[in-house]
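J.: Before I ask anything, here is the structure I am working with.
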Number of protein chains: 2
Amino acid sequence: MNSVKLGLIGLGTVGGGVARLITEHHDRYLEHYGIDLVIQRACSRSEAEAQRLGLQEGVFTSDWRDVVSDPDIDIVIELIGGEHPATEIFEEAFKHGKHVVSANKALLGRHVEHLASLAAEHGVQIRCEAAAAGGIPVVSALEHDLVGNEILTIAGIMNGTTNYILSRMQHEGLAFEDVLKAAQAAGYAEADPTADVDGFDAASKIAILASIGFQTRITTDDVFMQGIRNVSATDIEMARDFGYAIKLLAIARKTSEGVDVRVHPTMIPAAHQLASVDGAMNAVYVVGDAVGETMLYGAGAGSFPTASAVVGDIMALAEPISQGKDPIPEKEPFGRNLPIRSINQLTTRYYIRLSVEDRLGTLAACTNVFAQHGISIAHINQKETHDDEACTLIYVTHEALEKNVMQAKAALEALDGIREVSSIIRVENIDSWAEGVFAN
Amino acid sequence: MNSVKLGLIGLGTVGGGVARLITEHHDRYLEHYGIDLVIQRACSRSEAEAQRLGLQEGVFTSDWRDVVSDPDIDIVIELIGGEHPATEIFEEAFKHGKHVVSANKALLGRHVEHLASLAAEHGVQIRCEAAAAGGIPVVSALEHDLVGNEILTIAGIMNGTTNYILSRMQHEGLAFEDVLKAAQAAGYAEADPTADVDGFDAASKIAILASIGFQTRITTDDVFMQGIRNVSATDIEMARDFGYAIKLLAIARKTSEGVDVRVHPTMIPAAHQLASVDGAMNAVYVVGDAVGETMLYGAGAGSFPTASAVVGDIMALAEPISQGKDPIPEKEPFGRNLPIRSINQLTTRYYIRLSVEDRLGTLAACTNVFAQHGISIAHINQKETHDDEACTLIYVTHEALEKNVMQAKAALEALDGIREVSSIIRVENIDSWAEGVFAN
């Protein structure tokens, strides 16, 4: 039995968790799986981090090139995030014949095809379970367990920060800005929350999962993206009255017109499983034509949950390596080249909140705009505000075409007496996720 | 690239689904994974089944020995269930150097150790994703994705029939016997529902999952087992009043006193994720020390969902085989030999329903029995029944020792004025499932 030599690049939240988990469980892995994991080199900006983690003398380096070029190392673990020098780390590692395990969703969301091709060329593997939904084994489910299926839908809550914010807004009736500040103070949100709050993080993850699940090339730039900054306490309260909860969902569906892939605040029935996913937890629906609906739930971030996914990937490579065998190399990815369906082609129900002058004829004028755009209305609710001269008008439509709704929005904004179209939230037709499942 | 030759034994609900799925998706598997699956032989009692499935001439046999001894076959797929001749099929297949994929929970729940040893000896693999929770990839999560963790708890709803029955009892206020009859008529329950209703099926599954997750030998016979026959509409209604739902849970926990492994009707908080798992669906919690709480949800039975798991297993073996490589053989299983903790040592809260004579002193006498056995009471509820001379008395205890509760039960039954102790339902301390998770 060979020991398996690891080169760890990045010793922050995730890298530190990986080092601690491997140290803590080294003897367990050896006893139960016959796998001897050795952290051969560890790279970070500060040697103090390596010392704090109890790594042995000589393991630390501040230069990632020392790691990727070390002839003893079998697996490079890239946990620094961002595009550079992460891209160079992948490329150099491949050239030196090393497999790469990574949690880098921003990089893989944009460049998984290039990197996977390069890995295939060099006969090595990329593994990235930790890059989508943290500790939840959804990449593995798509790459291995569910390969008997044609995957129809991948959808869910893939960003813990926004789910934490929306959960607190929902349970405590608080405003977005107030919860964001509290979340930043508590360490649940970054000082710069943009990537989470504006949907980029969830978009990267759904791009990775949809690429794998649908075997087609989808990058983060293909994903329609809308964050939660515009969701108000009023929207959440109104949603509750209609029997809905508001979640930031990442959704990818294979449709006859191409891949429908998007991230936006979404109204879902309050009784749906995803509606009860609270706080920083993640949950991903995967619908396959044979298996039907499945859901995987767990921690989408955090030091140890993410380390669990990284170590799972390491162990999968380590099993053959420790027996002197080569892991099966990456295959040329993404045989399909499915078109991406524009958000304009989406047909769903919409919740639309307007702030209007409180005067005769405004309601009729608004309602008329919807009719002119072929949008049929299911509910109307007019709400007084504290400001005597304005009121809140809420429409929920029947199924309508996104393009028509956006044109109606522009027309509403041009109307006299309309202060603003404050918020448009898509009401997801969750039943459509299971379209194409085989009847038993 | 080599084609991968399959020998299918059993063409019933699951076997038929496997044949249909492989036929339907043959070209997809070839195109996207470079894997050419060929059903070389298919065995069942009736040739009509093979014809209905469109299997080619010469594929059908009524003798399983033709399948396991066919020198061309790489993988034997055992889908007949039961102990015999399934055991002989495994043994003969191993002797002929063939890997075995199986959905046979009854066999593996009792004999997984013997069969895994034998597979290891012959350098082949057993794969059994479909044997626990159908299409949900929980075996794979325990065997691969979560191996970085020490697994602490595996628990959940693992039997669709009983969950269907309890869901309908809950939503429609019906009695057990009436729903069972309806379930049998609708095909959700077998004509002989014993294995489902009395907990044996769930016990087999938790034995398999706990053996894999805890790397120790646990058989179905080690599992404390109590079914749902005794759960009444009253219990479900009372549970709701207390803020609970009643589910048949299979629970395995690694404790300092040994493995706590049991199947019984369980009260869980109505707001818990498992409480909203409705109908025939399954959901399994896996708690690891690094990943924390995860849950996997999906169809636990049915032709195509189970076939999804079987084909996932086939594809995992087929990947190396089609490249002319040997899959990594089964390892000698279960390094640990953890003791099984007796149900008598369980400490939890209990819901206890009594039918008593409606006369002075009965309540005091009952309450006194609990005090004598060191059981402290959290709630008492007395309910009139239609029968004027009896009433229903319900106790919910604080945490108490199972042994004491059972002694109290005997003492209550001996009391004058007690008609019966109608039901005792354990109230699970779900927070204990996450004991031992690393702090982030």
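Labels for the structure tokens follow display order: chains A, B, ..., residues from 1 in each chain, ligands from 1.
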Report the closest atom pair, with its distance in Å rounded to one decimal, for each residue of chain B that has an atom no farther than 8 Å from chain A; count only C-alpha atoms, sort by chain and then rising residue number, and write it as JSON lines.
T.:
{"residue": "B:Leu21", "atom": "CA", "partner": "A:Ala290", "partner_atom": "CA", "distance": 7.6}
{"residue": "B:Ile22", "atom": "CA", "partner": "A:Gly148", "partner_atom": "CA", "distance": 7.9}
{"residue": "B:His25", "atom": "CA", "partner": "A:Gly148", "partner_atom": "CA", "distance": 7.7}
{"residue": "B:Tyr29", "atom": "CA", "partner": "A:Gly148", "partner_atom": "CA", "distance": 7.7}
{"residue": "B:Glu31", "atom": "CA", "partner": "A:Gly335", "partner_atom": "CA", "distance": 7.7}
{"residue": "B:His32", "atom": "CA", "partner": "A:Gly335", "partner_atom": "CA", "distance": 6.4}
{"residue": "B:Gly135", "atom": "CA", "partner": "A:Val291", "partner_atom": "CA", "distance": 5.6}
{"residue": "B:Ile136", "atom": "CA", "partner": "A:Thr294", "partner_atom": "CA", "distance": 7.0}
{"residue": "B:Pro137", "atom": "CA", "partner": "A:Asp145", "partner_atom": "CA", "distance": 6.2}
{"residue": "B:Ser140", "atom": "CA", "partner": "A:Asp145", "partner_atom": "CA", "distance": 7.2}
{"residue": "B:Ala141", "atom": "CA", "partner": "A:Pro137", "partner_atom": "CA", "distance": 7.0}
{"residue": "B:His144", "atom": "CA", "partner": "A:Gly312", "partner_atom": "CA", "distance": 6.5}
{"residue": "B:Asp145", "atom": "CA", "partner": "A:Gly312", "partner_atom": "CA", "distance": 4.8}
{"residue": "B:Leu146", "atom": "CA", "partner": "A:Gly312", "partner_atom": "CA", "distance": 5.8}
{"residue": "B:Val147", "atom": "CA", "partner": "A:Gly312", "partner_atom": "CA", "distance": 5.9}
{"residue": "B:Gly148", "atom": "CA", "partner": "A:Val311", "partner_atom": "CA", "distance": 5.3}
{"residue": "B:Asn149", "atom": "CA", "partner": "A:Ser308", "partner_atom": "CA", "distance": 6.5}
{"residue": "B:Gln215", "atom": "CA", "partner": "A:His32", "partner_atom": "CA", "distance": 7.5}
{"residue": "B:Gln273", "atom": "CA", "partner": "A:Ser276", "partner_atom": "CA", "distance": 7.1}
{"residue": "B:Ser276", "atom": "CA", "partner": "A:Gln273", "partner_atom": "CA", "distance": 7.1}
{"residue": "B:Ala290", "atom": "CA", "partner": "A:Phe304", "partner_atom": "CA", "distance": 4.8}
{"residue": "B:Val291", "atom": "CA", "partner": "A:Pro305", "partner_atom": "CA", "distance": 3.8}
{"residue": "B:Gly292", "atom": "CA", "partner": "A:Pro305", "partner_atom": "CA", "distance": 6.6}
{"residue": "B:Glu293", "atom": "CA", "partner": "A:Gly298", "partner_atom": "CA", "distance": 5.8}
{"residue": "B:Thr294", "atom": "CA", "partner": "A:Gly298", "partner_atom": "CA", "distance": 4.2}
{"residue": "B:Met295", "atom": "CA", "partner": "A:Tyr297", "partner_atom": "CA", "distance": 4.9}
{"residue": "B:Leu296", "atom": "CA", "partner": "A:Leu296", "partner_atom": "CA", "distance": 4.6}
{"residue": "B:Tyr297", "atom": "CA", "partner": "A:Met295", "partner_atom": "CA", "distance": 4.9}
{"residue": "B:Gly298", "atom": "CA", "partner": "A:Thr294", "partner_atom": "CA", "distance": 4.2}
{"residue": "B:Ala299", "atom": "CA", "partner": "A:Val291", "partner_atom": "CA", "distance": 7.0}
{"residue": "B:Gly302", "atom": "CA", "partner": "A:Asn440", "partner_atom": "CA", "distance": 6.6}
{"residue": "B:Ser303", "atom": "CA", "partner": "A:Asn440", "partner_atom": "CA", "distance": 5.7}
{"residue": "B:Phe304", "atom": "CA", "partner": "A:Ala290", "partner_atom": "CA", "distance": 4.8}
{"residue": "B:Pro305", "atom": "CA", "partner": "A:Val291", "partner_atom": "CA", "distance": 3.8}
{"residue": "B:Thr306", "atom": "CA", "partner": "A:Val291", "partner_atom": "CA", "distance": 7.2}
{"residue": "B:Ala307", "atom": "CA", "partner": "A:Ala290", "partner_atom": "CA", "distance": 7.3}
{"residue": "B:Ser308", "atom": "CA", "partner": "A:Val291", "partner_atom": "CA", "distance": 5.5}
{"residue": "B:Ala309", "atom": "CA", "partner": "A:Asp145", "partner_atom": "CA", "distance": 6.8}
{"residue": "B:Val311", "atom": "CA", "partner": "A:Gly148", "partner_atom": "CA", "distance": 5.3}
{"residue": "B:Gly312", "atom": "CA", "partner": "A:Asp145", "partner_atom": "CA", "distance": 4.8}
{"residue": "B:Asp313", "atom": "CA", "partner": "A:Asp145", "partner_atom": "CA", "distance": 7.2}
{"residue": "B:Met315", "atom": "CA", "partner": "A:Val147", "partner_atom": "CA", "distance": 7.4}
{"residue": "B:Ala316", "atom": "CA", "partner": "A:His144", "partner_atom": "CA", "distance": 6.9}
{"residue": "B:Pro320", "atom": "CA", "partner": "A:Ile328", "partner_atom": "CA", "distance": 7.7}
{"residue": "B:Ile328", "atom": "CA", "partner": "A:Pro320", "partner_atom": "CA", "distance": 7.7}
{"residue": "B:Phe334", "atom": "CA", "partner": "A:His32", "partner_atom": "CA", "distance": 8.0}
{"residue": "B:Gly335", "atom": "CA", "partner": "A:His32", "partner_atom": "CA", "distance": 6.4}
{"residue": "B:Phe438", "atom": "CA", "partner": "A:Phe304", "partner_atom": "CA", "distance": 7.3}
{"residue": "B:Asn440", "atom": "CA", "partner": "A:Ser303", "partner_atom": "CA", "distance": 5.7}
J.: Would you list the contacts of Gly417 (chain A) as a tab-separated table (two decimals) with N, CA and C atoms, in the first residue's frame, taking every protein, DNA or RNA residue within 7 Å and counting only C-alpha atoms, but skipping same-chain residues closer than 3 positions in sequence?
T.:
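Saved the output as around_7.tsv:
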chain	number	residue	atom	x	y	z
A	356	VAL	N	-48.35	53.27	-5.99
A	356	VAL	CA	-49.15	54.14	-6.87
A	356	VAL	C	-49.75	55.30	-6.06
A	357	GLU	N	-50.07	56.38	-6.76
A	357	GLU	CA	-50.80	57.49	-6.14
A	357	GLU	C	-52.19	57.00	-5.78
A	362	THR	N	-56.41	54.93	-11.03
A	362	THR	CA	-55.09	54.31	-11.13
A	362	THR	C	-55.20	52.79	-11.24
J.: So which one's closest to Arg217 (chain B), B:Ala252, B:Leu346, B:Ile340, B:Ala155? Using only C-alpha atoms, please.
T.: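 Going through B:Ala252, B:Leu346, B:Ile340, B:Ala155 one by one, the smallest distance to Arg217 (chain B) is for B:Ile340.
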J.: Neighbours of Arg168 (chain A) within 10 Å (only C-alpha atoms; same-chain residues fewer than 5 positions away dropped), as a list in words?
T.: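 So, after excluding close chain neighbours, the residues are Thr162, Asn163, Gly173, Leu174, Ala175, Phe176, Val179, Leu180, Ala183, Asp278 and Gly279 of chain A.
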J.: Out of region 340-380 of chain B, which residues get strand (DSSP E) from DSSP, as a list in words?
T.: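 Put together, the selection reads Thr347, Thr348, Arg349, Tyr350, Tyr351, Ile352, Arg353, Leu354, Ser355, Val356, Glu357, Ile377, Ala378, His379 and Ile380 of chain B.
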J.: Counting only C-alpha atoms, what is within 10 Å of Val124 (chain B), bar same-chain residues fewer than 4 positions away, as a list in words?
T.: Ile75, Ala93, Phe94, Lys95, His96, Gly97, Lys98, His99, Val100, Ala116, Leu118, Ala119, Ala120, Asp326, Pro327, Ile328, Pro329, Glu330 and Lys331 of chain B
J.: List the neighbours of region 399-411 of chain A out to 8 Å using only C-alpha atoms; skip same-chain residues closer than 4 positions along the sequence, and give me the result as a list in words.
T.: Ile343, Asn344, Gln345, Leu346, Thr347, Thr348, Arg349, Tyr350, Val369, Phe370, His373, Gly374, Ile375, Ser376, Leu415 and Val421 of chain A
J.: Can you tell me how far CA of Tyr395 (chain B) sits from CA of Gln170 (chain B), in Å to one decimal?
T.: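 CA of Gln170 (chain B) lies at a distance of 20.2 Å from CA of Tyr395 (chain B).
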J.: Excluding region 199-205 of chain B and its own-chain neighbours fewer than 5 positions away, which residues fall within 8 Å of it when counting only C-alpha atoms? Please give them as number ranges by chain.
T.: B: 105-106, 108-110, 131-133, 158-159, 194, 219-220, 223-228, 250, 262-264
J.: Set the distance at 9 Å and use only C-alpha atoms: which residues neighbour Val259 (chain A) once local chain neighbours fewer than 5 positions away are removed? I'd like the list as number ranges by chain.
T.: A: 210, 214, 218, 252-254, 338-342
J.: Rank A:Arg240, A:Val38, A:Ser69, A:Glu113 by their smallest atom-to-atom distance to Ile212 (chain A), using only C-alpha atoms, and report the top residue only.
T.: A:Glu113
J.: Among region 30-118 of chain B, which ones does DSSP assign to alpha helix (DSSP H) (computed from the backbone)? Answer as a ChimeraX atom specification.
T.: /B:30-33,47-52,64-68,86-95,105-118
J.: Just write the chosen residues, N, CA and C atoms, as a compact mmCIF listing (two decimals), in the first residue's frame.
T.:
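As a result, selection09.txt now contains:
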# COMPACT_ATOMS: atom_id res chain seq x y z
N LEU B 30 -24.06 5.11 -24.12
CA LEU B 30 -22.96 4.93 -25.06
C LEU B 30 -22.39 6.29 -25.47
N GLU B 31 -23.29 7.19 -25.79
CA GLU B 31 -22.84 8.51 -26.28
C GLU B 31 -22.16 9.32 -25.18
N HIS B 32 -22.76 9.35 -24.00
CA HIS B 32 -22.25 10.27 -22.98
C HIS B 32 -21.19 9.66 -22.08
N TYR B 33 -21.24 8.34 -21.90
CA TYR B 33 -20.28 7.74 -20.98
C TYR B 33 -19.39 6.71 -21.66
N GLU B 47 -41.38 -16.78 -19.65
CA GLU B 47 -40.80 -16.23 -20.86
C GLU B 47 -41.62 -15.04 -21.39
N ALA B 48 -42.92 -15.05 -21.03
CA ALA B 48 -43.79 -13.95 -21.48
C ALA B 48 -43.26 -12.60 -21.00
N GLU B 49 -42.73 -12.56 -19.76
CA GLU B 49 -42.16 -11.31 -19.23
C GLU B 49 -41.03 -10.81 -20.11
N ALA B 50 -40.14 -11.71 -20.49
CA ALA B 50 -39.00 -11.34 -21.34
C ALA B 50 -39.48 -10.83 -22.69
N GLN B 51 -40.50 -11.46 -23.22
CA GLN B 51 -41.05 -11.03 -24.51
C GLN B 51 -41.68 -9.66 -24.41
N ARG B 52 -42.44 -9.47 -23.32
CA ARG B 52 -43.09 -8.17 -23.11
C ARG B 52 -42.06 -7.05 -23.04
N TRP B 64 -31.48 -19.81 -13.32
CA TRP B 64 -30.47 -18.80 -12.95
C TRP B 64 -29.04 -19.31 -13.13
N ARG B 65 -28.86 -20.63 -13.10
CA ARG B 65 -27.50 -21.17 -13.26
C ARG B 65 -26.91 -20.86 -14.64
N ASP B 66 -27.83 -20.74 -15.62
CA ASP B 66 -27.36 -20.35 -16.96
C ASP B 66 -26.74 -18.95 -16.95
N VAL B 67 -27.23 -18.12 -16.05
CA VAL B 67 -26.75 -16.73 -16.00
C VAL B 67 -25.41 -16.65 -15.29
N VAL B 68 -25.36 -17.22 -14.08
CA VAL B 68 -24.13 -17.05 -13.28
C VAL B 68 -22.94 -17.81 -13.87
N ALA B 86 -31.45 -16.65 -3.77
CA ALA B 86 -30.60 -15.47 -3.93
C ALA B 86 -29.19 -15.71 -3.37
N THR B 87 -29.13 -16.36 -2.20
CA THR B 87 -27.81 -16.63 -1.60
C THR B 87 -26.95 -17.45 -2.55
N GLU B 88 -27.53 -18.48 -3.13
CA GLU B 88 -26.79 -19.35 -4.06
C GLU B 88 -26.39 -18.57 -5.31
N ILE B 89 -27.24 -17.66 -5.75
CA ILE B 89 -26.90 -16.84 -6.93
C ILE B 89 -25.65 -16.00 -6.63
N PHE B 90 -25.63 -15.34 -5.46
CA PHE B 90 -24.44 -14.58 -5.07
C PHE B 90 -23.21 -15.49 -5.06
N GLU B 91 -23.33 -16.62 -4.38
CA GLU B 91 -22.17 -17.49 -4.17
C GLU B 91 -21.62 -18.02 -5.50
N GLU B 92 -22.53 -18.46 -6.35
CA GLU B 92 -22.10 -19.01 -7.64
C GLU B 92 -21.53 -17.90 -8.53
N ALA B 93 -22.15 -16.74 -8.50
CA ALA B 93 -21.65 -15.62 -9.32
C ALA B 93 -20.22 -15.28 -8.89
N PHE B 94 -19.98 -15.21 -7.58
CA PHE B 94 -18.64 -14.90 -7.09
C PHE B 94 -17.64 -15.95 -7.57
N LYS B 95 -18.03 -17.21 -7.45
CA LYS B 95 -17.14 -18.30 -7.87
C LYS B 95 -16.76 -18.17 -9.33
N LYS B 105 -32.77 -6.42 0.15
CA LYS B 105 -32.55 -5.94 1.51
C LYS B 105 -32.72 -7.03 2.55
N ALA B 106 -33.66 -7.96 2.30
CA ALA B 106 -33.88 -9.02 3.30
C ALA B 106 -32.62 -9.87 3.43
N LEU B 107 -32.03 -10.22 2.30
CA LEU B 107 -30.81 -11.05 2.30
C LEU B 107 -29.62 -10.27 2.86
N LEU B 108 -29.40 -9.07 2.35
CA LEU B 108 -28.22 -8.30 2.76
C LEU B 108 -28.35 -7.82 4.20
N GLY B 109 -29.56 -7.53 4.64
CA GLY B 109 -29.78 -7.14 6.03
C GLY B 109 -29.33 -8.22 6.99
N ARG B 110 -29.48 -9.48 6.60
CA ARG B 110 -29.09 -10.59 7.47
C ARG B 110 -27.66 -11.06 7.23
N HIS B 111 -27.23 -11.05 5.93
CA HIS B 111 -26.00 -11.78 5.61
C HIS B 111 -24.96 -10.97 4.87
N VAL B 112 -25.00 -9.64 5.00
CA VAL B 112 -24.07 -8.83 4.22
C VAL B 112 -22.62 -9.17 4.55
N GLU B 113 -22.34 -9.51 5.82
CA GLU B 113 -20.94 -9.75 6.19
C GLU B 113 -20.41 -11.01 5.48
N HIS B 114 -21.16 -12.08 5.55
CA HIS B 114 -20.77 -13.32 4.89
C HIS B 114 -20.58 -13.08 3.40
N LEU B 115 -21.53 -12.40 2.77
CA LEU B 115 -21.48 -12.21 1.32
C LEU B 115 -20.34 -11.27 0.93
N ALA B 116 -20.11 -10.22 1.73
CA ALA B 116 -19.02 -9.29 1.40
C ALA B 116 -17.66 -9.98 1.55
N SER B 117 -17.52 -10.84 2.56
CA SER B 117 -16.27 -11.59 2.73
C SER B 117 -16.01 -12.48 1.53
N LEU B 118 -17.06 -13.14 1.11
CA LEU B 118 -16.95 -14.05 -0.03
C LEU B 118 -16.58 -13.28 -1.30
